[in-house]
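Q: Quick one: this structure, given as structure tokens, is what I'll be asking you about.
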Amino acid sequence: MATTNEIKLFGNECGCCGGDFEVVAGEPLTLYQLCGAGSHATTLRIGEGGKAKVVFAALEGGDTSYTFRVELNGAGAELELYGLFVATEGDRCRVKTEVRHNVPDCVSNQVVKGVADGDGYGLFDGLVYVAPDAQHTEAYQQSRNVLLAPTAHIQTQPQLEIYADDVRCSHGATVGQMNEEEVYYMRQRGLTKEAAQRLQLEGFLQEVLGKIDDEPTREKFTAKLLAKI
Amino acid sequence: MLKVKNLHATVDGKEILRGIDFEVKAGEVHAIMGPNGSGKSTFASVLAGNEKFTVTEGTVEYGGEDLLELSIEERARKGLFLGFQYPVEIPGVSMANFMKLAVAERRKAQGLEPLTAGGMLKYMREKAAVVELDAKLMSRAVNEGFSGGEKKKNEIFQMAMLEPKLAVLDETDSGLDIDALRIVATGVNRLRSEQNATVLITHYQRLLDYIQPDFVHVLYKGRIIYSGDKSLALKLEKEGYDWLIADYKED
Ligand SMILES: Nc1ncnc2c1ncn2[C@@H]1O[C@H](COP(=O)(O)OP(=O)(O)O)[C@@H](O)[C@H]1O
Ligand SMILES: [Mg+2]
């Protein structure tokens, strides 16, 4: 019988949360990380048929950095990695991911969303490596970012190193402003500008929060998010 | 209800509305027609308070108040509804949540008690049924992945939810098949009362087969150049605009 290991690392309990995990077939790993300021490094080694899902968020303010190093080492290994950060005045959030497809027939999907306001700073640095014989790799990476103030700053650096030819890989990176048409539409239905912007921001980050299957954990992330924005 | 006098408006310094005079009384339905690029959507946007446009001259009175002094949301809460020509998609924001917030604001402005969660659900189902909108769409993000017809029905659904005093519907009929058109028209007709009014911006006579307007106006180059009763729409359908706009070609 498959057992799911669900590991939750929450801010108050850990200064530096993270760890090393071996993931094998039949024992999928779900890792939720809601960590405070500090450096949080996680390594995942996923073997044949192993599945890992990570959802992380940087919402506590201060200087927060997440690093994920993921090795896909056996056929059928799968990684899902979803994250979000909100950097407001004085905050610096860094997300570094390194996903290595070392063997054929593995799947990885990454979505990281960032928001910066005030003089907040964010960085996404994401490497996808596909080894020369790692055919039939599927690797997807998206970095979507929104700036709420002219003084806010987000850098996104997707890097693809693909040495196999029979692969399906895609990546997208954007840094933009919130769409004003959406705010106008909501205001036309009676919402204040502030309420509309907030709803829109929640909507933008919902894609990541929606990946949290465990209800209490999702509520915990959502509460932190609402307190932050 | 609505009194527009000599309204001029610009976008990026370019004058689009060039002296509109227009009056709507409670209980009336007005149709505004006119070729593409005449300024119909601009007029609707200016009434709604879209900040892209600047009013440079003229006055708009709504329910005895200076409409131009009110924010977008104040206008909405006071019962001004705009059905968008191109409804906006809002990723990650569910229809149900959006409507809950919008209805709460409107009810507060009407001096009504807030609806309970159950009451809201029932109200939403009721109004969705009027426009034959699949209630399943309520759990989806606003307009995201909706078909063209569903987006337009969704505008009428929102109108029904918010019970406006004045609804301005900008080409809600465009791109609809006859079935969807009939449904949209039914929604509009059901809402008609002696207390409220509707302005239909339309390209085609066919919507007016389903919704009988009291007045038909032709907007051209930022002005209302001609007004008549519903027979005007039929004449425009048969003869086009040329007989009307020939005099205006030069300026
Ligand atoms: N945001 C805008 N920026 C620049 N020009 C605009 C903008 N919106 C409308 N216009 C111009 O204003 C004129 C009227 O447009 P519109 O009000 O959309 O006409 P209609 O709805 O009657 O087709 C057109 O010439 C159009 O190009
Ligand atoms: Mg238009």
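Residues in the structure tokens are named by chain (A, B, ... in the order shown) and by number from 1 within that chain; ligands are numbered from 1 in the order shown.
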Write as number ranges by chain the residues around ligand 1, taking 9 Å as the cut-off and counting only C-alpha atoms and all ligand atoms.
A: B: 10-17, 33-45, 52-53, 85, 170-171, 201, 219-222
Q: Residues of the last selection are to be written out with N, CA, C and O atoms, as a tab-separated table (two decimals), in the first residue's frame.
A:
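After the write, out23.tsv holds the following:
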```
chain	number	residue	atom	x	y	z
B	10	THR	N	-11.94	63.03	-23.86
B	10	THR	CA	-10.74	62.73	-24.64
B	10	THR	C	-10.04	61.49	-24.10
B	10	THR	O	-10.23	61.11	-22.95
B	11	VAL	N	-9.25	60.87	-24.96
B	11	VAL	CA	-8.33	59.83	-24.52
B	11	VAL	C	-6.98	60.15	-25.17
B	11	VAL	O	-6.92	60.45	-26.36
B	12	ASP	N	-5.94	60.15	-24.36
B	12	ASP	CA	-4.60	60.53	-24.83
B	12	ASP	C	-4.63	61.83	-25.64
B	12	ASP	O	-3.99	61.94	-26.68
B	13	GLY	N	-5.40	62.78	-25.17
B	13	GLY	CA	-5.45	64.08	-25.83
B	13	GLY	C	-6.33	64.12	-27.08
B	13	GLY	O	-6.53	65.17	-27.68
B	14	LYS	N	-6.86	62.98	-27.48
B	14	LYS	CA	-7.68	62.93	-28.69
B	14	LYS	C	-9.16	63.00	-28.29
B	14	LYS	O	-9.61	62.24	-27.43
B	15	GLU	N	-9.88	63.94	-28.91
B	15	GLU	CA	-11.29	64.10	-28.54
B	15	GLU	C	-12.15	63.03	-29.20
B	15	GLU	O	-12.16	62.89	-30.42
B	16	ILE	N	-12.86	62.27	-28.36
B	16	ILE	CA	-13.70	61.18	-28.89
B	16	ILE	C	-15.18	61.55	-28.78
B	16	ILE	O	-15.95	61.36	-29.71
B	17	LEU	N	-15.57	62.07	-27.63
B	17	LEU	CA	-16.96	62.53	-27.47
B	17	LEU	C	-16.96	64.04	-27.68
B	17	LEU	O	-16.19	64.77	-27.07
B	33	MET	N	-27.24	53.38	-31.53
B	33	MET	CA	-26.64	52.68	-32.66
B	33	MET	C	-25.62	53.60	-33.30
B	33	MET	O	-25.47	54.75	-32.92
B	34	GLY	N	-24.92	53.08	-34.28
B	34	GLY	CA	-23.93	53.91	-34.96
B	34	GLY	C	-22.78	53.06	-35.45
B	34	GLY	O	-22.50	52.01	-34.88
B	35	PRO	N	-22.10	53.50	-36.52
B	35	PRO	CA	-21.01	52.71	-37.09
B	35	PRO	C	-19.89	52.50	-36.07
B	35	PRO	O	-19.79	53.24	-35.09
B	36	ASN	N	-19.04	51.53	-36.36
B	36	ASN	CA	-17.86	51.28	-35.53
B	36	ASN	C	-17.00	52.52	-35.38
B	36	ASN	O	-16.82	53.26	-36.34
B	37	GLY	N	-16.47	52.73	-34.20
B	37	GLY	CA	-15.56	53.84	-33.99
B	37	GLY	C	-16.27	55.17	-33.74
B	37	GLY	O	-15.63	56.21	-33.69
B	38	SER	N	-17.59	55.15	-33.58
B	38	SER	CA	-18.35	56.38	-33.39
B	38	SER	C	-18.18	56.98	-31.99
B	38	SER	O	-18.41	58.16	-31.79
B	39	GLY	N	-17.83	56.10	-31.04
B	39	GLY	CA	-17.69	56.57	-29.66
B	39	GLY	C	-18.71	55.97	-28.71
B	39	GLY	O	-18.86	56.43	-27.58
B	40	LYS	N	-19.39	54.91	-29.14
B	40	LYS	CA	-20.44	54.30	-28.30
B	40	LYS	C	-19.84	53.72	-27.01
B	40	LYS	O	-20.32	53.98	-25.91
B	41	SER	N	-18.78	52.94	-27.19
B	41	SER	CA	-18.15	52.34	-26.00
B	41	SER	C	-17.51	53.40	-25.12
B	41	SER	O	-17.52	53.29	-23.89
B	42	THR	N	-16.97	54.41	-25.75
B	42	THR	CA	-16.37	55.51	-24.99
B	42	THR	C	-17.43	56.19	-24.13
B	42	THR	O	-17.20	56.47	-22.95
B	43	PHE	N	-18.59	56.41	-24.71
B	43	PHE	CA	-19.69	57.04	-23.97
B	43	PHE	C	-20.05	56.18	-22.75
B	43	PHE	O	-20.16	56.68	-21.63
B	44	ALA	N	-20.19	54.87	-22.98
B	44	ALA	CA	-20.52	53.96	-21.87
B	44	ALA	C	-19.42	54.01	-20.80
B	44	ALA	O	-19.71	54.04	-19.60
B	45	SER	N	-18.16	54.02	-21.25
B	45	SER	CA	-17.03	54.03	-20.31
B	45	SER	C	-17.00	55.30	-19.48
B	45	SER	O	-16.69	55.27	-18.29
B	52	LYS	N	-9.46	56.03	-17.91
B	52	LYS	CA	-8.68	56.24	-19.13
B	52	LYS	C	-9.14	57.48	-19.88
B	52	LYS	O	-8.40	58.07	-20.65
B	53	PHE	N	-10.40	57.85	-19.67
B	53	PHE	CA	-10.97	58.97	-20.42
B	53	PHE	C	-11.09	60.21	-19.54
B	53	PHE	O	-11.33	60.11	-18.34
B	85	GLN	N	-18.58	45.32	-23.36
B	85	GLN	CA	-18.49	44.76	-24.71
B	85	GLN	C	-17.51	43.59	-24.70
B	85	GLN	O	-17.74	42.57	-25.32
B	170	ASP	N	-23.30	47.33	-23.44
B	170	ASP	CA	-22.48	47.66	-24.61
B	170	ASP	C	-22.33	46.44	-25.52
B	170	ASP	O	-21.54	45.54	-25.24
B	171	GLU	N	-23.08	46.43	-26.58
B	171	GLU	CA	-23.04	45.34	-27.57
B	171	GLU	C	-23.09	43.96	-26.95
B	171	GLU	O	-22.33	43.06	-27.33
B	201	ILE	N	-26.59	49.53	-26.26
B	201	ILE	CA	-25.73	49.92	-27.36
B	201	ILE	C	-25.67	48.73	-28.29
B	201	ILE	O	-25.34	47.62	-27.86
B	219	LEU	N	-25.37	57.56	-32.87
B	219	LEU	CA	-24.17	58.26	-32.42
B	219	LEU	C	-23.16	58.19	-33.55
B	219	LEU	O	-22.92	57.11	-34.10
B	220	TYR	N	-22.63	59.33	-33.89
B	220	TYR	CA	-21.67	59.36	-34.99
B	220	TYR	C	-20.62	60.42	-34.71
B	220	TYR	O	-20.95	61.57	-34.38
B	221	LYS	N	-19.36	60.03	-34.81
B	221	LYS	CA	-18.25	60.94	-34.54
B	221	LYS	C	-18.43	61.71	-33.24
B	221	LYS	O	-18.25	62.94	-33.19
B	222	GLY	N	-18.83	61.00	-32.22
B	222	GLY	CA	-18.87	61.59	-30.89
B	222	GLY	C	-20.06	62.48	-30.59
B	222	GLY	O	-20.06	63.20	-29.60
```
Q: Set out as a tab-separated table a contact list for chain B and chain A with a cut-off of 9 Å, giving each residue of chain B that qualifies its closest atom pair and distance in Å to one decimal, counting only C-alpha atoms, ordered by chain and rising residue number.
A:
```
residue	atom	partner	partner_atom	distance
B:Ala48	CA	A:Gln188	CA	6.9
B:Gly49	CA	A:Gln188	CA	8.4
B:Asn50	CA	A:Tyr184	CA	7.1
B:Glu51	CA	A:Tyr184	CA	8.6
B:Ser71	CA	A:Arg187	CA	8.9
B:Ile72	CA	A:Gln188	CA	5.9
B:Glu73	CA	A:Gly190	CA	4.4
B:Glu74	CA	A:Gly190	CA	6.9
B:Arg75	CA	A:Gln188	CA	7.7
B:Ala76	CA	A:Gly190	CA	5.1
B:Arg77	CA	A:Gly190	CA	5.3
B:Lys78	CA	A:Gly190	CA	8.8
B:Leu80	CA	A:Gln188	CA	8.3
B:Phe81	CA	A:Gln188	CA	7.0
B:Leu82	CA	A:Gln188	CA	7.1
B:Phe84	CA	A:Tyr185	CA	8.5
B:Pro87	CA	A:Tyr185	CA	8.0
B:Val88	CA	A:Glu182	CA	6.1
B:Glu89	CA	A:Glu182	CA	7.2
B:Ile90	CA	A:Glu182	CA	6.2
B:Pro91	CA	A:Gly203	CA	5.8
B:Gly92	CA	A:Gly203	CA	3.7
B:Val93	CA	A:Gly203	CA	4.8
B:Ser94	CA	A:Gly203	CA	8.3
B:Phe98	CA	A:Met186	CA	8.0
B:Met99	CA	A:Arg189	CA	8.5
B:Leu101	CA	A:Leu191	CA	7.1
B:Ala102	CA	A:Gly190	CA	5.5
B:Val103	CA	A:Gly190	CA	8.1
B:Ala104	CA	A:Gly190	CA	8.9
B:Glu105	CA	A:Gly190	CA	6.0
B:Arg106	CA	A:Gly190	CA	6.7
B:Ala141	CA	A:Gly203	CA	8.6
B:Gln158	CA	A:Arg189	CA	8.3
B:Leu162	CA	A:Arg189	CA	8.0
```
Q: Which residues are near stretch 158-160 of chain A? Cut-off 6 Å, only C-alpha atoms, ignore same chain within fewer than 6 positions. Put them as a ChimeraX atom specification.
A: /A:125-128
Q: Would you pick out the contacts of A:Gly176 at 9 Å or less, using only C-alpha atoms, so that residues sharing its chain but fewer than 4 positions from it are not included, and give the list as a ChimeraX atom specification?
A: /A:144-148
Q: Got time to write the residues from that selection, all heavy atoms, as a PDB file, in the first residue's frame?
A:
```pdb
ATOM      1  N   ARG A 144       6.354  33.680 -12.588  1.00  0.00           N
ATOM      2  CA  ARG A 144       5.435  34.797 -12.870  1.00  0.00           C
ATOM      3  C   ARG A 144       5.513  35.805 -11.734  1.00  0.00           C
ATOM      4  O   ARG A 144       5.347  35.436 -10.570  1.00  0.00           O
ATOM      5  CB  ARG A 144       3.996  34.293 -12.980  1.00  0.00           C
ATOM      6  CG  ARG A 144       3.807  33.195 -13.987  1.00  0.00           C
ATOM      7  CD  ARG A 144       3.597  33.751 -15.390  1.00  0.00           C
ATOM      8  NE  ARG A 144       3.626  32.681 -16.379  1.00  0.00           N
ATOM      9  CZ  ARG A 144       4.277  32.753 -17.537  1.00  0.00           C
ATOM     10  NH1 ARG A 144       4.962  33.841 -17.851  1.00  0.00           N
ATOM     11  NH2 ARG A 144       4.252  31.757 -18.382  1.00  0.00           N
ATOM     12  N   ASN A 145       5.732  37.051 -12.097  1.00  0.00           N
ATOM     13  CA  ASN A 145       5.978  38.042 -11.043  1.00  0.00           C
ATOM     14  C   ASN A 145       5.231  39.337 -11.301  1.00  0.00           C
ATOM     15  O   ASN A 145       5.046  39.744 -12.442  1.00  0.00           O
ATOM     16  CB  ASN A 145       7.479  38.336 -10.973  1.00  0.00           C
ATOM     17  CG  ASN A 145       8.272  37.072 -10.739  1.00  0.00           C
ATOM     18  OD1 ASN A 145       8.303  36.550  -9.626  1.00  0.00           O
ATOM     19  ND2 ASN A 145       8.880  36.538 -11.787  1.00  0.00           N
ATOM     20  N   VAL A 146       4.855  39.954 -10.211  1.00  0.00           N
ATOM     21  CA  VAL A 146       4.088  41.193 -10.298  1.00  0.00           C
ATOM     22  C   VAL A 146       4.714  42.247  -9.395  1.00  0.00           C
ATOM     23  O   VAL A 146       5.041  41.976  -8.232  1.00  0.00           O
ATOM     24  CB  VAL A 146       2.617  40.943  -9.871  1.00  0.00           C
ATOM     25  CG1 VAL A 146       1.909  42.254  -9.644  1.00  0.00           C
ATOM     26  CG2 VAL A 146       1.895  40.117 -10.923  1.00  0.00           C
ATOM     27  N   LEU A 147       4.872  43.431  -9.932  1.00  0.00           N
ATOM     28  CA  LEU A 147       5.393  44.560  -9.159  1.00  0.00           C
ATOM     29  C   LEU A 147       4.236  45.494  -8.829  1.00  0.00           C
ATOM     30  O   LEU A 147       3.491  45.888  -9.714  1.00  0.00           O
ATOM     31  CB  LEU A 147       6.440  45.323  -9.974  1.00  0.00           C
ATOM     32  CG  LEU A 147       7.646  44.511 -10.445  1.00  0.00           C
ATOM     33  CD1 LEU A 147       8.543  45.365 -11.336  1.00  0.00           C
ATOM     34  CD2 LEU A 147       8.428  43.982  -9.246  1.00  0.00           C
ATOM     35  N   LEU A 148       4.120  45.852  -7.559  1.00  0.00           N
ATOM     36  CA  LEU A 148       3.017  46.727  -7.162  1.00  0.00           C
ATOM     37  C   LEU A 148       3.460  48.171  -6.997  1.00  0.00           C
ATOM     38  O   LEU A 148       2.635  49.055  -6.802  1.00  0.00           O
ATOM     39  CB  LEU A 148       2.402  46.226  -5.849  1.00  0.00           C
ATOM     40  CG  LEU A 148       1.822  44.807  -5.877  1.00  0.00           C
ATOM     41  CD1 LEU A 148       1.252  44.445  -4.514  1.00  0.00           C
ATOM     42  CD2 LEU A 148       0.747  44.677  -6.943  1.00  0.00           C
TER      43      LEU A 148
END
```
Q: Rounded to one decimal in Å, what is the spacing between atom CA of B:Gly63 and atom CA of B:Val24?
A: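 These atoms are spaced 10.6 Å apart.
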Q: List the spatial neighbours of B:Phe157 as a VMD selection string - criterion: any atom at most 10 Å away, only C-alpha atoms, same-chain residues fewer than 2 positions off excluded.
A: chain B and resid 124 126 to 133 150 to 155 159 to 162 184 187 to 188
Q: Restricted to N, CA and C atoms, what would the selected residues look like written as a short mmCIF file (atom, residue, chain, number, x, y, z; two decimals), in the first residue's frame?
A:
```cif
data_model
loop_
_atom_site.label_atom_id
_atom_site.label_comp_id
_atom_site.auth_asym_id
_atom_site.auth_seq_id
_atom_site.Cartn_x
_atom_site.Cartn_y
_atom_site.Cartn_z
N MET B 124 -28.18 33.37 -6.12
CA MET B 124 -27.29 33.18 -7.25
C MET B 124 -27.86 32.14 -8.22
N GLU B 126 -31.00 31.27 -8.57
CA GLU B 126 -32.21 31.84 -9.16
C GLU B 126 -31.87 32.70 -10.38
N LYS B 127 -30.91 33.59 -10.18
CA LYS B 127 -30.56 34.54 -11.25
C LYS B 127 -29.83 33.85 -12.39
N ALA B 128 -29.02 32.85 -12.05
CA ALA B 128 -28.31 32.10 -13.10
C ALA B 128 -29.33 31.39 -13.99
N ALA B 129 -30.42 30.91 -13.37
CA ALA B 129 -31.45 30.20 -14.13
C ALA B 129 -32.13 31.14 -15.13
N VAL B 130 -32.30 32.40 -14.75
CA VAL B 130 -32.96 33.37 -15.64
C VAL B 130 -32.23 33.47 -16.97
N VAL B 131 -30.90 33.47 -16.93
CA VAL B 131 -30.14 33.59 -18.18
C VAL B 131 -29.60 32.23 -18.63
N GLU B 132 -30.14 31.16 -18.04
CA GLU B 132 -29.73 29.81 -18.40
C GLU B 132 -28.22 29.66 -18.38
N LEU B 133 -27.63 30.22 -17.33
CA LEU B 133 -26.18 30.12 -17.16
C LEU B 133 -25.93 28.94 -16.23
N GLU B 150 -21.26 32.54 -23.08
CA GLU B 150 -21.30 32.48 -21.62
C GLU B 150 -20.86 33.80 -21.00
N LYS B 151 -19.86 34.42 -21.61
CA LYS B 151 -19.39 35.72 -21.10
C LYS B 151 -20.51 36.76 -21.15
N LYS B 152 -21.24 36.78 -22.26
CA LYS B 152 -22.31 37.76 -22.41
C LYS B 152 -23.47 37.46 -21.46
N LYS B 153 -23.81 36.18 -21.34
CA LYS B 153 -24.86 35.80 -20.39
C LYS B 153 -24.43 36.15 -18.97
N ASN B 154 -23.14 36.00 -18.73
CA ASN B 154 -22.61 36.30 -17.40
C ASN B 154 -22.77 37.79 -17.06
N GLU B 155 -22.67 38.64 -18.07
CA GLU B 155 -22.90 40.07 -17.84
C GLU B 155 -24.35 40.30 -17.41
N MET B 159 -25.93 41.62 -13.93
CA MET B 159 -26.91 42.71 -13.89
C MET B 159 -28.12 42.29 -13.04
N ALA B 160 -28.60 41.08 -13.25
CA ALA B 160 -29.75 40.59 -12.48
C ALA B 160 -29.42 40.54 -10.99
N MET B 161 -28.20 40.14 -10.67
CA MET B 161 -27.78 40.04 -9.27
C MET B 161 -27.75 41.41 -8.60
N LEU B 162 -27.35 42.43 -9.36
CA LEU B 162 -27.10 43.75 -8.76
C LEU B 162 -28.30 44.69 -8.87
N VAL B 184 -30.53 36.42 -23.51
CA VAL B 184 -30.07 37.72 -23.02
C VAL B 184 -31.24 38.71 -22.98
N GLY B 187 -33.56 38.11 -20.12
CA GLY B 187 -32.99 38.66 -18.89
C GLY B 187 -33.24 40.16 -18.77
N VAL B 188 -33.01 40.86 -19.86
CA VAL B 188 -33.21 42.31 -19.86
C VAL B 188 -34.68 42.65 -19.65
#
```
